[in-house]
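The structure file model_13.pdb is reproduced below (PDB, C-alpha atoms).
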```pdb
ATOM      1  CA  MET J   1      78.519  88.204  60.965  1.00  0.00           C
ATOM      2  CA  LYS J   2      79.327  84.508  60.805  1.00  0.00           C
ATOM      3  CA  GLU J   3      76.984  81.973  62.429  1.00  0.00           C
ATOM      4  CA  LYS J   4      78.164  78.545  63.459  1.00  0.00           C
ATOM      5  CA  TYR J   5      76.622  75.916  65.745  1.00  0.00           C
ATOM      6  CA  ASN J   6      75.466  77.818  68.831  1.00  0.00           C
ATOM      7  CA  PHE J   7      77.471  81.019  68.316  1.00  0.00           C
ATOM      8  CA  LYS J   8      77.780  84.097  66.127  1.00  0.00           C
ATOM      9  CA  ILE J   9      81.086  85.783  65.365  1.00  0.00           C
ATOM     10  CA  ASP J  10      81.045  89.523  64.757  1.00  0.00           C
ATOM     11  CA  SER J  11      84.573  90.362  63.590  1.00  0.00           C
ATOM     12  CA  SER J  12      83.785  94.008  62.899  1.00  0.00           C
ATOM     13  CA  ASN J  13      82.613  94.607  66.489  1.00  0.00           C
ATOM     14  CA  GLN J  14      85.163  92.196  67.957  1.00  0.00           C
ATOM     15  CA  ASN J  15      82.818  89.883  69.832  1.00  0.00           C
ATOM     16  CA  VAL J  16      81.351  86.428  69.841  1.00  0.00           C
ATOM     17  CA  SER J  17      77.842  85.656  71.122  1.00  0.00           C
ATOM     18  CA  ILE J  18      77.078  82.168  72.357  1.00  0.00           C
ATOM     19  CA  GLU J  19      73.484  80.975  72.680  1.00  0.00           C
ATOM     20  CA  VAL J  20      73.078  78.631  75.652  1.00  0.00           C
ATOM     21  CA  SER J  21      70.005  76.580  76.474  1.00  0.00           C
ATOM     22  CA  SER J  22      68.957  77.432  80.031  1.00  0.00           C
ATOM     23  CA  SER J  23      66.955  74.209  80.208  1.00  0.00           C
ATOM     24  CA  ILE J  24      70.175  72.206  79.797  1.00  0.00           C
ATOM     25  CA  PHE J  25      72.604  74.532  81.586  1.00  0.00           C
ATOM     26  CA  PRO J  26      71.141  76.316  84.655  1.00  0.00           C
ATOM     27  CA  ILE J  27      71.997  80.005  85.100  1.00  0.00           C
ATOM     28  CA  PRO J  28      74.473  79.360  87.989  1.00  0.00           C
ATOM     29  CA  VAL J  29      76.424  76.998  85.704  1.00  0.00           C
ATOM     30  CA  ILE J  30      76.453  79.569  82.889  1.00  0.00           C
ATOM     31  CA  LEU J  31      77.704  82.236  85.301  1.00  0.00           C
ATOM     32  CA  LEU J  32      80.389  79.892  86.633  1.00  0.00           C
ATOM     33  CA  ALA J  33      81.595  79.285  83.070  1.00  0.00           C
ATOM     34  CA  THR J  34      81.746  83.044  82.373  1.00  0.00           C
ATOM     35  CA  TYR J  35      83.863  83.561  85.499  1.00  0.00           C
ATOM     36  CA  TYR J  36      86.848  81.964  83.758  1.00  0.00           C
ATOM     37  CA  PHE J  37      86.678  84.573  80.991  1.00  0.00           C
ATOM     38  CA  ILE J  38      86.295  87.847  82.903  1.00  0.00           C
ATOM     39  CA  GLU J  39      89.975  88.510  83.493  1.00  0.00           C
ATOM     40  CA  ASP J  40      90.891  89.471  79.933  1.00  0.00           C
ATOM     41  CA  ARG J  41      87.484  89.862  78.303  1.00  0.00           C
ATOM     42  CA  LYS J  42      84.267  91.752  78.838  1.00  0.00           C
ATOM     43  CA  VAL J  43      81.347  89.410  79.418  1.00  0.00           C
ATOM     44  CA  ILE J  44      77.696  90.223  78.855  1.00  0.00           C
ATOM     45  CA  VAL J  45      74.976  87.778  79.920  1.00  0.00           C
ATOM     46  CA  GLU J  46      71.421  88.420  78.765  1.00  0.00           C
ATOM     47  CA  LYS J  47      68.125  86.613  78.424  1.00  0.00           C
ATOM     48  CA  GLY J  48      67.455  85.445  74.885  1.00  0.00           C
ATOM     49  CA  ASN J  49      64.332  84.039  73.252  1.00  0.00           C
ATOM     50  CA  ASN J  50      62.517  81.074  74.795  1.00  0.00           C
ATOM     51  CA  ASP J  51      64.823  79.261  77.225  1.00  0.00           C
ATOM     52  CA  LYS J  52      68.030  80.722  75.807  1.00  0.00           C
ATOM     53  CA  THR J  53      70.699  82.768  77.532  1.00  0.00           C
ATOM     54  CA  ILE J  54      73.074  84.796  75.363  1.00  0.00           C
ATOM     55  CA  VAL J  55      76.682  85.148  76.525  1.00  0.00           C
ATOM     56  CA  THR J  56      78.709  87.728  74.619  1.00  0.00           C
ATOM     57  CA  LEU J  57      82.495  87.720  74.994  1.00  0.00           C
ATOM     58  CA  ILE J  58      84.381  90.862  73.989  1.00  0.00           C
ATOM     59  CA  PRO J  59      88.168  90.447  74.041  1.00  0.00           C
ATOM     60  CA  ASN J  60      90.338  93.266  75.412  1.00  0.00           C
ATOM     61  CA  GLN J  61      92.693  92.846  72.466  1.00  0.00           C
ATOM     62  CA  LYS J  62      91.933  92.627  68.753  1.00  0.00           C
ATOM     63  CA  LEU J  63      91.343  89.075  67.515  1.00  0.00           C
ATOM     64  CA  ASP J  64      90.803  87.776  64.019  1.00  0.00           C
ATOM     65  CA  GLU J  65      87.821  85.627  63.080  1.00  0.00           C
ATOM     66  CA  VAL J  66      89.687  82.355  63.713  1.00  0.00           C
ATOM     67  CA  ASP J  67      90.629  83.417  67.251  1.00  0.00           C
ATOM     68  CA  LEU J  68      87.087  84.592  67.969  1.00  0.00           C
ATOM     69  CA  GLU J  69      85.855  81.171  66.863  1.00  0.00           C
ATOM     70  CA  LYS J  70      88.401  79.522  69.186  1.00  0.00           C
ATOM     71  CA  LEU J  71      87.095  81.712  71.998  1.00  0.00           C
ATOM     72  CA  ALA J  72      83.551  80.430  71.385  1.00  0.00           C
ATOM     73  CA  TYR J  73      84.762  76.826  71.455  1.00  0.00           C
ATOM     74  CA  GLU J  74      86.717  77.519  74.665  1.00  0.00           C
ATOM     75  CA  PHE J  75      83.553  78.878  76.264  1.00  0.00           C
ATOM     76  CA  ASN J  76      81.548  75.821  75.205  1.00  0.00           C
ATOM     77  CA  ILE J  77      84.203  73.533  76.706  1.00  0.00           C
ATOM     78  CA  GLN J  78      84.246  75.561  79.933  1.00  0.00           C
ATOM     79  CA  LEU J  79      80.450  75.442  80.044  1.00  0.00           C
ATOM     80  CA  ILE J  80      80.480  71.641  79.963  1.00  0.00           C
ATOM     81  CA  SER J  81      83.284  71.543  82.526  1.00  0.00           C
ATOM     82  CA  SER J  82      81.357  73.883  84.847  1.00  0.00           C
ATOM     83  CA  PHE J  83      78.255  71.729  84.464  1.00  0.00           C
ATOM     84  CA  LEU J  84      80.218  68.603  85.420  1.00  0.00           C
ATOM     85  CA  GLU J  85      81.822  70.398  88.411  1.00  0.00           C
ATOM     86  CA  GLU J  86      78.383  71.430  89.632  1.00  0.00           C
ATOM     87  CA  GLU J  87      77.025  67.901  89.236  1.00  0.00           C
ATOM     88  CA  GLU J  88      79.968  66.385  91.166  1.00  0.00           C
ATOM     89  CA  SER J  89      79.590  68.984  93.914  1.00  0.00           C
ATOM     90  CA  ARG J  90      75.884  68.222  94.187  1.00  0.00           C
ATOM     91  CA  LYS J  91      76.560  64.458  94.273  1.00  0.00           C
ATOM     92  CA  HIS J  92      79.027  64.802  97.133  1.00  0.00           C
ATOM     93  CA  ALA J  93      77.132  67.440  99.116  1.00  0.00           C
ATOM     94  CA  GLY J  94      75.817  64.872 101.628  1.00  0.00           C
ATOM     95  CA  ILE J  95      79.272  63.480 102.331  1.00  0.00           C
ATOM     96  CA  ARG J  96      80.739  66.982 102.670  1.00  0.00           C
ATOM     97  CA  ASP J  97      77.960  68.039 105.056  1.00  0.00           C
ATOM     98  CA  THR J  98      78.412  64.911 107.209  1.00  0.00           C
ATOM     99  CA  MET J  99      82.161  65.489 107.471  1.00  0.00           C
ATOM    100  CA  MET J 100      81.696  69.161 108.363  1.00  0.00           C
ATOM    101  CA  LYS J 101      79.113  68.359 111.046  1.00  0.00           C
ATOM    102  CA  ALA J 102      81.366  65.703 112.551  1.00  0.00           C
ATOM    103  CA  ALA J 103      84.326  68.083 112.551  1.00  0.00           C
ATOM    104  CA  LEU J 104      82.354  70.885 114.177  1.00  0.00           C
ATOM    105  CA  GLN J 105      80.825  68.605 116.812  1.00  0.00           C
ATOM    106  CA  GLN J 106      84.121  67.050 117.811  1.00  0.00           C
ATOM    107  CA  GLY J 107      86.241  70.146 117.448  1.00  0.00           C
ATOM    108  CA  GLN J 108      88.733  68.172 115.382  1.00  0.00           C
ATOM    109  CA  PRO J 109      88.978  66.706 111.880  1.00  0.00           C
ATOM    110  CA  PRO J 110      86.507  63.862 111.267  1.00  0.00           C
ATOM    111  CA  PHE J 111      89.359  61.427 110.614  1.00  0.00           C
ATOM    112  CA  PRO J 112      92.188  62.654 112.889  1.00  0.00           C
ATOM    113  CA  LYS J 113      94.584  59.729 112.363  1.00  0.00           C
ATOM    114  CA  GLN J 114      94.388  59.934 108.568  1.00  0.00           C
ATOM    115  CA  THR J 115      94.650  63.721 108.610  1.00  0.00           C
ATOM    116  CA  GLU J 116      97.718  63.619 110.867  1.00  0.00           C
ATOM    117  CA  ASP J 117      99.362  61.013 108.627  1.00  0.00           C
ATOM    118  CA  LYS J 118      98.833  63.236 105.585  1.00  0.00           C
ATOM    119  CA  LEU J 119     100.333  66.192 107.403  1.00  0.00           C
ATOM    120  CA  GLY J 120     103.336  64.150 108.502  1.00  0.00           C
ATOM    121  CA  GLN J 121     102.417  64.237 112.193  1.00  0.00           C
ATOM    122  CA  LYS J 122     102.299  60.515 112.935  1.00  0.00           C
TER     123      LYS J 122
END
```
Go through the file and emit its structure as structure tokens.
Amino acid sequence: MKEKYNFKIDSSNQNVSIEVSSSIFPIPVILLATYYFIEDRKVIVEKGNNDKTIVTLIPNQKLDEVDLEKLAYEFNIQLISSFLEEEESRKHAGIRDTMMKAALQQGQPPFPKQTEDKLGQK
């Protein structure tokens, strides 16, 4: 088993386990990041020691150690991306809610002229 940064590569069992700090990355963000990997990999999420969450990725096809390492890096990149998506969504939640309320109250888009222009219905 090869350990590097925040992950362990187990070539013999064809998996990589990534240790994620739950105090930095909330569980919903970790789960969002795993979503991008479930199509062609098995994903196991478990509670680790202290504030750690362990994400284990098991590819459906045989990978060598270099490709398993790449998979761990891909997950780490997706984890950061998911965190940033969540932060942006949270930042703009008030604006989104205001627009939805206005649209529902008026029964039309909150900015009808601009929406029509975008749809080509001037």
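Using only C-alpha atoms for every distance, the candidate list J:Val55, J:Lys62, J:Lys101, J:Phe83 yields J:Val55 as the residue closest to J:Thr34.
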task = Please tell me which residues are no farther than 8 Å from (83.2, 86.5, 68.5) in the file, counting only C-alpha atoms, and write them as a ChimeraX atom specification.
result = /J:7-11,14-17,56-58,65,68-69,71-72
key: Two-atom distance - atom CA of J:Ile18, atom CA of J:Lys70 (Å)   =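 Pair atom CA of J:Ile18 / atom CA of J:Lys70 returns 12.1 Å.
Residues matched by the PyMOL selection byres ((chain J and resi 47-50) around 12) in this structure: Ser17, Ile18, Glu19, Val20, Ser21, Ser22, Ser23, Ile27, Ile30, Ile44, Val45, Glu46, Asp51, Lys52, Thr53, Ile54, Val55 and Thr56 of chain J.
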task = Report the distance between atom CA of J:Phe75 and atom CA of J:Gln61 in Å, rounded to one decimal place.
result =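 Distance between the two atoms: 17.1 Å.
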Neighbour list for J:Glu85 as an MDAnalysis selection string, cut-off 12 Å, all atoms listed in the file, skip fewer than 6 positions in-chain = chainID J and resid 28:30 32:33 78:79 91:92
query = Just how far from atom CA of J:Phe37 is atom CA of J:Glu86, in Å to one decimal?
reply =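 Going from atom CA of J:Glu86 over to atom CA of J:Phe37, I get 17.8 Å.
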query = For J:Lys42, which residue out of J:Met100, J:Pro59, J:Ser81, J:Glu87 is the nearest one, using only C-alpha atoms?
reply = J:Pro59
query = Out of J:Ile80, J:Glu74, J:Asn60, J:Ala103, which residue has the shortest atom-to-atom distance to J:Ile24 when counting all atoms listed in the file?
reply =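 Closest to J:Ile24 of all the choices is J:Ile80.
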What would stretch 25-113 of chain J look like if you wrote it out as a PDB file, in the first residue's frame, with C-alpha atoms included, from the block I just posted?
```pdb
ATOM      1  CA  PHE J  25     -15.341  19.972   3.592  1.00  0.00           C
ATOM      2  CA  PRO J  26     -18.895  19.384   4.923  1.00  0.00           C
ATOM      3  CA  ILE J  27     -20.469  15.978   4.245  1.00  0.00           C
ATOM      4  CA  PRO J  28     -22.860  17.321   1.531  1.00  0.00           C
ATOM      5  CA  VAL J  29     -19.833  18.668  -0.377  1.00  0.00           C
ATOM      6  CA  ILE J  30     -18.009  15.336  -0.052  1.00  0.00           C
ATOM      7  CA  LEU J  31     -21.087  13.494  -1.326  1.00  0.00           C
ATOM      8  CA  LEU J  32     -21.446  15.927  -4.229  1.00  0.00           C
ATOM      9  CA  ALA J  33     -17.822  15.265  -5.201  1.00  0.00           C
ATOM     10  CA  THR J  34     -18.376  11.481  -5.087  1.00  0.00           C
ATOM     11  CA  TYR J  35     -21.386  11.831  -7.397  1.00  0.00           C
ATOM     12  CA  TYR J  36     -19.069  12.550 -10.331  1.00  0.00           C
ATOM     13  CA  PHE J  37     -17.312   9.213  -9.810  1.00  0.00           C
ATOM     14  CA  ILE J  38     -20.200   6.765  -9.386  1.00  0.00           C
ATOM     15  CA  GLU J  39     -20.783   6.043 -13.055  1.00  0.00           C
ATOM     16  CA  ASP J  40     -17.685   3.924 -13.650  1.00  0.00           C
ATOM     17  CA  ARG J  41     -16.449   3.296 -10.115  1.00  0.00           C
ATOM     18  CA  LYS J  42     -17.734   1.932  -6.845  1.00  0.00           C
ATOM     19  CA  VAL J  43     -17.673   4.555  -4.113  1.00  0.00           C
ATOM     20  CA  ILE J  44     -17.594   3.890  -0.390  1.00  0.00           C
ATOM     21  CA  VAL J  45     -17.947   6.749   2.101  1.00  0.00           C
ATOM     22  CA  GLU J  46     -17.249   6.048   5.763  1.00  0.00           C
ATOM     23  CA  LYS J  47     -16.510   7.899   8.968  1.00  0.00           C
ATOM     24  CA  GLY J  48     -12.823   7.921   9.831  1.00  0.00           C
ATOM     25  CA  ASN J  49     -10.986   8.966  12.981  1.00  0.00           C
ATOM     26  CA  ASN J  50     -11.574  12.399  14.507  1.00  0.00           C
ATOM     27  CA  ASP J  51     -13.162  14.712  11.929  1.00  0.00           C
ATOM     28  CA  LYS J  52     -12.130  12.630   8.924  1.00  0.00           C
ATOM     29  CA  THR J  53     -14.287  11.044   6.254  1.00  0.00           C
ATOM     30  CA  ILE J  54     -12.773   8.252   4.164  1.00  0.00           C
ATOM     31  CA  VAL J  55     -13.798   8.013   0.505  1.00  0.00           C
ATOM     32  CA  THR J  56     -12.731   4.809  -1.227  1.00  0.00           C
ATOM     33  CA  LEU J  57     -12.887   4.644  -5.024  1.00  0.00           C
ATOM     34  CA  ILE J  58     -12.859   1.210  -6.650  1.00  0.00           C
ATOM     35  CA  PRO J  59     -12.579   1.326 -10.448  1.00  0.00           C
ATOM     36  CA  ASN J  60     -14.676  -1.065 -12.550  1.00  0.00           C
ATOM     37  CA  GLN J  61     -11.635  -1.793 -14.702  1.00  0.00           C
ATOM     38  CA  LYS J  62      -8.097  -2.717 -13.682  1.00  0.00           C
ATOM     39  CA  LEU J  63      -5.805   0.285 -13.204  1.00  0.00           C
ATOM     40  CA  ASP J  64      -2.110   0.434 -12.481  1.00  0.00           C
ATOM     41  CA  GLU J  65      -0.680   2.392  -9.564  1.00  0.00           C
ATOM     42  CA  VAL J  66      -0.119   5.539 -11.653  1.00  0.00           C
ATOM     43  CA  ASP J  67      -3.756   5.598 -12.792  1.00  0.00           C
ATOM     44  CA  LEU J  68      -4.998   4.992  -9.253  1.00  0.00           C
ATOM     45  CA  GLU J  69      -2.907   7.963  -8.137  1.00  0.00           C
ATOM     46  CA  LYS J  70      -4.433  10.067 -10.938  1.00  0.00           C
ATOM     47  CA  LEU J  71      -7.868   9.002  -9.721  1.00  0.00           C
ATOM     48  CA  ALA J  72      -7.056  10.289  -6.220  1.00  0.00           C
ATOM     49  CA  TYR J  73      -5.889  13.621  -7.634  1.00  0.00           C
ATOM     50  CA  GLU J  74      -9.045  13.844  -9.779  1.00  0.00           C
ATOM     51  CA  PHE J  75     -11.160  13.318  -6.671  1.00  0.00           C
ATOM     52  CA  ASN J  76      -9.271  16.019  -4.768  1.00  0.00           C
ATOM     53  CA  ILE J  77      -9.808  18.455  -7.651  1.00  0.00           C
ATOM     54  CA  GLN J  78     -13.512  17.571  -7.819  1.00  0.00           C
ATOM     55  CA  LEU J  79     -13.775  18.012  -4.054  1.00  0.00           C
ATOM     56  CA  ILE J  80     -12.463  21.573  -4.292  1.00  0.00           C
ATOM     57  CA  SER J  81     -14.706  22.269  -7.279  1.00  0.00           C
ATOM     58  CA  SER J  82     -17.757  20.953  -5.400  1.00  0.00           C
ATOM     59  CA  PHE J  83     -16.858  23.104  -2.406  1.00  0.00           C
ATOM     60  CA  LEU J  84     -16.644  26.210  -4.606  1.00  0.00           C
ATOM     61  CA  GLU J  85     -19.967  25.349  -6.323  1.00  0.00           C
ATOM     62  CA  GLU J  86     -21.634  25.031  -2.932  1.00  0.00           C
ATOM     63  CA  GLU J  87     -20.185  28.342  -1.750  1.00  0.00           C
ATOM     64  CA  GLU J  88     -21.362  30.164  -4.908  1.00  0.00           C
ATOM     65  CA  SER J  89     -24.822  28.619  -4.588  1.00  0.00           C
ATOM     66  CA  ARG J  90     -25.024  29.713  -0.961  1.00  0.00           C
ATOM     67  CA  LYS J  91     -23.847  33.242  -1.854  1.00  0.00           C
ATOM     68  CA  HIS J  92     -26.533  33.642  -4.501  1.00  0.00           C
ATOM     69  CA  ALA J  93     -29.361  31.934  -2.613  1.00  0.00           C
ATOM     70  CA  GLY J  94     -30.967  35.265  -1.634  1.00  0.00           C
ATOM     71  CA  ILE J  95     -31.000  36.537  -5.205  1.00  0.00           C
ATOM     72  CA  ARG J  96     -32.381  33.226  -6.492  1.00  0.00           C
ATOM     73  CA  ASP J  97     -35.121  33.207  -3.842  1.00  0.00           C
ATOM     74  CA  THR J  98     -36.116  36.815  -4.629  1.00  0.00           C
ATOM     75  CA  MET J  99     -36.356  36.064  -8.348  1.00  0.00           C
ATOM     76  CA  MET J 100     -38.416  32.919  -7.744  1.00  0.00           C
ATOM     77  CA  LYS J 101     -40.823  34.735  -5.415  1.00  0.00           C
ATOM     78  CA  ALA J 102     -41.265  37.551  -7.920  1.00  0.00           C
ATOM     79  CA  ALA J 103     -41.884  35.075 -10.733  1.00  0.00           C
ATOM     80  CA  LEU J 104     -44.432  33.103  -8.732  1.00  0.00           C
ATOM     81  CA  GLN J 105     -46.259  36.218  -7.533  1.00  0.00           C
ATOM     82  CA  GLN J 106     -46.527  37.751 -10.976  1.00  0.00           C
ATOM     83  CA  GLY J 107     -47.080  34.548 -12.885  1.00  0.00           C
ATOM     84  CA  GLN J 108     -44.359  35.557 -15.325  1.00  0.00           C
ATOM     85  CA  PRO J 109     -40.563  35.800 -15.393  1.00  0.00           C
ATOM     86  CA  PRO J 110     -39.189  38.480 -13.048  1.00  0.00           C
ATOM     87  CA  PHE J 111     -37.634  40.349 -15.977  1.00  0.00           C
ATOM     88  CA  PRO J 112     -40.034  39.701 -18.892  1.00  0.00           C
ATOM     89  CA  LYS J 113     -38.464  42.109 -21.404  1.00  0.00           C
TER      90      LYS J 113
END
```
